[in-house]
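See structure below.
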Amino acid sequence: MKQNKYDESTFFNEYSRMPRSTGGLEAAGEWPELRRMIPDLKDKSVLDLGCGYGWHCRYAEEQGATYVLGIDISAKMLERARALTDHQHIEYRRAAIEDLSVSDESFEVVISSLAIHYIEDFKQLCHKVHQILTPDGHFVFSVEHPMFTALAAQDFYYDTEGTKLHWPVDNYHLEGIREADFLGHTVMKYHRTVSTYVNELLSAGFQLTRLSELKPTPEMLRSSPAYEEELRRPMFMLISAVKKQ
């Protein structure tokens, strides 16, 4: 199923008010760690899967990438991306990630931020990205952590006074679709285990170079008390891998 919630006006308006929508990469808590996992982009061709507002595309161009392609299923997202972009080496294209059609070995770096947990067939995506990448090309992406996606509720367990007692995990090994609440709307996400993410990458011919469960740094904790919740359960998982023949 190819979901396009972002072209629904009410949902898009809610998303547009999120800090990461108004503040860009610096407002995204996972960005410092993801940035460290992205290789040197100078003179590279870069593909961004689920580019949204184009923040990562513009970052890649600013780092010296010679060509950047951002794809997204949402016309509203791409409209905002183009309005924010004044870079001659960036192209935006409307397409679902599952329908991506580009030449084999045409990109040296593929990145994706919080989009792949909306994709049903991760195995197929891994093989497609492997074909797209040049030898020794990099695949770097972030997803919602499987501990976060296991239960559709995606929330703490509370006592009668509203105190957050613990983060419940159930049906962890029952992979598949979850109907979750995001910004007051029902969205469809796909839960898969950590081992599935890792093993599908390995089976497709990738070599893992780093896996992060985004433990908050002291700087993050000082910047916002809300990050203390991330010490109780991981919300994001970040992976970097290299294509091997």
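Following the order of the structure tokens, chains are lettered A, B, ..., residues in each are numbered from 1, and ligands are numbered from 1.
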
Excluding Thr186 (chain A) and residues on its chain fewer than 2 positions from it, collect all residues at most 12 Å away from it, counting only C-alpha atoms, and give them as a short mmCIF file (atom, residue, chain, number, x, y, z; two decimals) with C-alpha atoms, in the first residue's frame.
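That gives us result.cif:
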```cif
data_model
loop_
_atom_site.label_atom_id
_atom_site.label_comp_id
_atom_site.auth_asym_id
_atom_site.auth_seq_id
_atom_site.Cartn_x
_atom_site.Cartn_y
_atom_site.Cartn_z
CA GLN A 3 0.22 5.94 1.60
CA ASN A 4 0.03 9.66 0.91
CA LYS A 5 -1.27 11.36 4.04
CA PHE A 11 -2.66 16.51 8.06
CA ALA A 152 0.24 0.56 17.34
CA ALA A 153 -0.49 2.72 20.41
CA ARG A 178 0.23 -1.07 12.32
CA GLU A 179 -2.47 1.60 12.44
CA ALA A 180 -0.86 4.33 14.52
CA ASP A 181 -1.95 7.80 15.60
CA PHE A 182 0.23 10.63 14.33
CA LEU A 183 -0.80 14.26 14.70
CA GLY A 184 -4.33 13.13 15.51
CA MET A 188 -0.23 3.08 8.40
CA LYS A 189 3.26 2.02 9.44
#
```

Worksheet item: Using the chain letters and numbers from this document, which residues of region 56-225 of chain A does DSSP assign to alpha helix (DSSP H), as JSON, numbers by chain?
Response: {"A": [56, 57, 58, 59, 60, 61, 62, 75, 76, 77, 78, 79, 80, 81, 82, 83, 84, 122, 123, 124, 125, 126, 127, 128, 129, 130, 131, 132, 146, 147, 148, 149, 194, 195, 196, 197, 198, 199, 200, 201, 202, 203, 204, 218, 219, 220, 221, 222, 223]}

**Study point:** Å distance separating CA of Met77 (chain A) from CA of Asp7 (chain A), one decimal place
**Key:**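 CA of Met77 (chain A) sits 7.7 Å away from CA of Asp7 (chain A).
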
Here CA of Glu219 (chain A) and CA of Met37 (chain A) stand apart by 18.6 Å

- [ ] Could you tell me, as a count of residues only, which residues of region 97-227 of chain A DSSP assigns to strand (DSSP E or B) when given the backbone?
- [x] 45

Contacts of region 181-218 of chain A with region 169-176 of chain A up to 12 Å, shortest pair per row, only C-alpha atoms, as a Markdown table:
```
| residue | atom | partner | partner_atom | distance |
| --- | --- | --- | --- | --- |
| A:Met188 | CA | A:Gly176 | CA | 10.0 |
| A:Lys189 | CA | A:Gly176 | CA | 8.2 |
| A:Tyr190 | CA | A:Gly176 | CA | 5.2 |
| A:His191 | CA | A:Gly176 | CA | 5.2 |
| A:Arg192 | CA | A:Glu175 | CA | 4.9 |
| A:Thr193 | CA | A:His173 | CA | 6.6 |
| A:Val194 | CA | A:His173 | CA | 9.9 |
| A:Ser195 | CA | A:His173 | CA | 10.0 |
| A:Thr196 | CA | A:Glu175 | CA | 9.4 |
| A:Tyr197 | CA | A:Glu175 | CA | 11.5 |
```

Margin query: Given only C-alpha atoms as the basis, pick out the residue of A:Pro218, A:Glu62, A:Phe148, A:His185 nearest to Arg232 (chain A).
Written below: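 The shortest atom-to-atom distance to Arg232 (chain A) comes from A:Phe148.
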
Taken to one decimal, the CA of Gly29 (chain A)-CA of Glu144 (chain A) distance is 12.8 Å

Quiz item: Taking into account only C-alpha atoms, which residue in the set A:Glu30, A:Ile71, A:Glu8, A:Lys2 is nearest to Ile119 (chain A)?
Solution: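 That would be A:Lys2, the residue with the smallest distance to Ile119 (chain A).
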
Using only C-alpha atoms, which residues of region 39-84 of chain A come within 12 Å of region 135-142 of chain A, and what is the closest atom pair for each, with the distance in Å to one decimal? Give it as JSON lines, sorted by chain and residue number.
```
{"residue": "A:Pro39", "atom": "CA", "partner": "A:His138", "partner_atom": "CA", "distance": 7.4}
{"residue": "A:Asp40", "atom": "CA", "partner": "A:His138", "partner_atom": "CA", "distance": 10.2}
{"residue": "A:Leu41", "atom": "CA", "partner": "A:His138", "partner_atom": "CA", "distance": 10.4}
{"residue": "A:Lys44", "atom": "CA", "partner": "A:Gly137", "partner_atom": "CA", "distance": 9.9}
{"residue": "A:Ser45", "atom": "CA", "partner": "A:Gly137", "partner_atom": "CA", "distance": 10.0}
{"residue": "A:Val46", "atom": "CA", "partner": "A:His138", "partner_atom": "CA", "distance": 9.5}
{"residue": "A:Leu47", "atom": "CA", "partner": "A:Phe139", "partner_atom": "CA", "distance": 9.6}
{"residue": "A:Asp48", "atom": "CA", "partner": "A:Phe141", "partner_atom": "CA", "distance": 9.5}
{"residue": "A:Leu49", "atom": "CA", "partner": "A:Phe141", "partner_atom": "CA", "distance": 9.1}
{"residue": "A:Gly50", "atom": "CA", "partner": "A:Phe141", "partner_atom": "CA", "distance": 10.7}
{"residue": "A:Cys51", "atom": "CA", "partner": "A:Phe141", "partner_atom": "CA", "distance": 11.7}
{"residue": "A:His56", "atom": "CA", "partner": "A:Phe141", "partner_atom": "CA", "distance": 11.3}
```

Could the residues in this selection be written to a file with N, CA, C and O atoms, as a PDB file, in the first residue's frame?
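To be explicit, this is the file written out as again29.pdb:
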```pdb
ATOM      1  N   PRO A  39      28.491   9.910   4.618  1.00  0.00           N
ATOM      2  CA  PRO A  39      29.886  10.074   4.160  1.00  0.00           C
ATOM      3  C   PRO A  39      30.121  11.453   3.555  1.00  0.00           C
ATOM      4  O   PRO A  39      29.193  12.254   3.402  1.00  0.00           O
ATOM      5  N   ASP A  40      31.353  11.702   3.212  1.00  0.00           N
ATOM      6  CA  ASP A  40      31.712  12.934   2.514  1.00  0.00           C
ATOM      7  C   ASP A  40      30.923  13.006   1.206  1.00  0.00           C
ATOM      8  O   ASP A  40      30.945  12.078   0.396  1.00  0.00           O
ATOM      9  N   LEU A  41      30.230  14.099   1.000  1.00  0.00           N
ATOM     10  CA  LEU A  41      29.353  14.217  -0.162  1.00  0.00           C
ATOM     11  C   LEU A  41      29.939  15.050  -1.288  1.00  0.00           C
ATOM     12  O   LEU A  41      29.292  15.216  -2.328  1.00  0.00           O
ATOM     13  N   LYS A  44      29.733  14.044  -5.130  1.00  0.00           N
ATOM     14  CA  LYS A  44      28.944  12.812  -5.149  1.00  0.00           C
ATOM     15  C   LYS A  44      27.554  13.060  -5.748  1.00  0.00           C
ATOM     16  O   LYS A  44      27.042  14.184  -5.764  1.00  0.00           O
ATOM     17  N   SER A  45      26.945  11.994  -6.250  1.00  0.00           N
ATOM     18  CA  SER A  45      25.535  12.006  -6.649  1.00  0.00           C
ATOM     19  C   SER A  45      24.736  11.393  -5.511  1.00  0.00           C
ATOM     20  O   SER A  45      25.095  10.342  -4.983  1.00  0.00           O
ATOM     21  N   VAL A  46      23.660  12.068  -5.113  1.00  0.00           N
ATOM     22  CA  VAL A  46      22.922  11.704  -3.904  1.00  0.00           C
ATOM     23  C   VAL A  46      21.439  11.559  -4.219  1.00  0.00           C
ATOM     24  O   VAL A  46      20.854  12.401  -4.904  1.00  0.00           O
ATOM     25  N   LEU A  47      20.842  10.506  -3.690  1.00  0.00           N
ATOM     26  CA  LEU A  47      19.403  10.260  -3.818  1.00  0.00           C
ATOM     27  C   LEU A  47      18.787  10.285  -2.435  1.00  0.00           C
ATOM     28  O   LEU A  47      19.259   9.609  -1.515  1.00  0.00           O
ATOM     29  N   ASP A  48      17.710  11.073  -2.269  1.00  0.00           N
ATOM     30  CA  ASP A  48      16.994  11.155  -0.998  1.00  0.00           C
ATOM     31  C   ASP A  48      15.609  10.542  -1.175  1.00  0.00           C
ATOM     32  O   ASP A  48      14.784  11.052  -1.939  1.00  0.00           O
ATOM     33  N   LEU A  49      15.357   9.445  -0.468  1.00  0.00           N
ATOM     34  CA  LEU A  49      14.095   8.720  -0.556  1.00  0.00           C
ATOM     35  C   LEU A  49      13.115   9.268   0.467  1.00  0.00           C
ATOM     36  O   LEU A  49      13.341   9.161   1.675  1.00  0.00           O
ATOM     37  N   GLY A  50      12.015   9.850  -0.006  1.00  0.00           N
ATOM     38  CA  GLY A  50      11.060  10.476   0.900  1.00  0.00           C
ATOM     39  C   GLY A  50      11.605  11.805   1.382  1.00  0.00           C
ATOM     40  O   GLY A  50      11.716  12.045   2.584  1.00  0.00           O
ATOM     41  N   CYS A  51      11.900  12.691   0.445  1.00  0.00           N
ATOM     42  CA  CYS A  51      12.683  13.899   0.736  1.00  0.00           C
ATOM     43  C   CYS A  51      11.911  14.961   1.507  1.00  0.00           C
ATOM     44  O   CYS A  51      12.513  15.867   2.088  1.00  0.00           O
ATOM     45  N   HIS A  56      17.458  17.511   3.584  1.00  0.00           N
ATOM     46  CA  HIS A  56      18.661  16.717   3.366  1.00  0.00           C
ATOM     47  C   HIS A  56      19.223  16.936   1.958  1.00  0.00           C
ATOM     48  O   HIS A  56      20.433  16.856   1.757  1.00  0.00           O
TER      49      HIS A  56
END
```

Practice task
Write out as a list in words the residues lying within 10 Å of Arg233 (chain A), counting only C-alpha atoms and excluding same-chain residues fewer than 2 positions away.
Solution key: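 Counting only the stated atoms, we get His145, Met147, Phe148, Phe156, His166, Trp167, Pro168, Glu213, Leu214, Lys215, Glu228, Glu229, Glu230, Leu231, Met235 and Phe236 of chain A.
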
Q: Using only C-alpha atoms, pick whichever of A:Ile73, A:Leu114, A:Leu202, A:Ile90 has the shortest atom-to-atom distance to Arg20 (chain A).
A: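 Under the stated criterion, the closest residue is A:Leu114.
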
Notebook entry, point to check: From the list A:Arg210, A:His89, A:Arg222, A:Arg58, which residue is nearest Ala241 (chain A) when using only C-alpha atoms?
Noted result: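 Closest to Ala241 (chain A), using only C-alpha atoms: A:Arg210.
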
Near Gly54 (chain A), counting only C-alpha atoms, which residues have an atom at most 12 Å away, once you skip same-chain residues fewer than 5 positions from it, shown as a PDB file with C-alpha atoms, in the first residue's frame?
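What follows is the written file selection-v8.pdb:
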```pdb
ATOM      1  CA  ARG A  20      11.350  19.895  12.438  1.00  0.00           C
ATOM      2  CA  SER A  21       9.139  21.431   9.737  1.00  0.00           C
ATOM      3  CA  GLY A  24      14.799  22.217   9.644  1.00  0.00           C
ATOM      4  CA  LEU A  25      17.587  19.767  10.371  1.00  0.00           C
ATOM      5  CA  LEU A  47      19.403  10.260  -3.818  1.00  0.00           C
ATOM      6  CA  ASP A  48      16.994  11.155  -0.998  1.00  0.00           C
ATOM      7  CA  LEU A  49      14.095   8.720  -0.556  1.00  0.00           C
ATOM      8  CA  TYR A  59      22.411  19.851   2.935  1.00  0.00           C
ATOM      9  CA  ALA A  60      23.931  17.484   0.355  1.00  0.00           C
ATOM     10  CA  GLU A  61      24.258  20.266  -2.205  1.00  0.00           C
ATOM     11  CA  VAL A  68      20.911  15.530  -5.818  1.00  0.00           C
ATOM     12  CA  LEU A  69      17.582  13.870  -6.573  1.00  0.00           C
ATOM     13  CA  GLY A  70      14.815  14.051  -3.993  1.00  0.00           C
ATOM     14  CA  ILE A  71      11.716  11.928  -4.469  1.00  0.00           C
ATOM     15  CA  ASP A  72       8.463  12.047  -2.533  1.00  0.00           C
ATOM     16  CA  LYS A  76       2.414  19.309  -1.208  1.00  0.00           C
ATOM     17  CA  MET A  77       5.772  18.281   0.230  1.00  0.00           C
ATOM     18  CA  LEU A  78       7.500  18.796  -3.099  1.00  0.00           C
ATOM     19  CA  GLU A  79       5.830  22.155  -3.583  1.00  0.00           C
ATOM     20  CA  ARG A  80       7.262  23.287  -0.234  1.00  0.00           C
ATOM     21  CA  ALA A  81      10.665  21.767  -1.078  1.00  0.00           C
ATOM     22  CA  ARG A  82      10.876  23.673  -4.354  1.00  0.00           C
ATOM     23  CA  ALA A  83       9.824  26.912  -2.650  1.00  0.00           C
ATOM     24  CA  LEU A  84      12.658  26.502  -0.132  1.00  0.00           C
ATOM     25  CA  THR A  85      15.268  25.498  -2.695  1.00  0.00           C
ATOM     26  CA  ASP A  86      17.517  27.725  -4.759  1.00  0.00           C
ATOM     27  CA  HIS A  87      20.190  25.220  -5.713  1.00  0.00           C
ATOM     28  CA  ILE A  90      18.931  19.641  -6.950  1.00  0.00           C
ATOM     29  CA  GLU A  91      16.029  17.969  -8.746  1.00  0.00           C
ATOM     30  CA  TYR A  92      12.735  17.004  -7.129  1.00  0.00           C
ATOM     31  CA  ARG A  93      10.565  14.279  -8.579  1.00  0.00           C
ATOM     32  CA  ILE A 111      19.760   8.599   2.202  1.00  0.00           C
ATOM     33  CA  SER A 112      16.310   8.390   3.762  1.00  0.00           C
ATOM     34  CA  SER A 113      14.926  10.050   6.865  1.00  0.00           C
TER      35      SER A 113
END
```
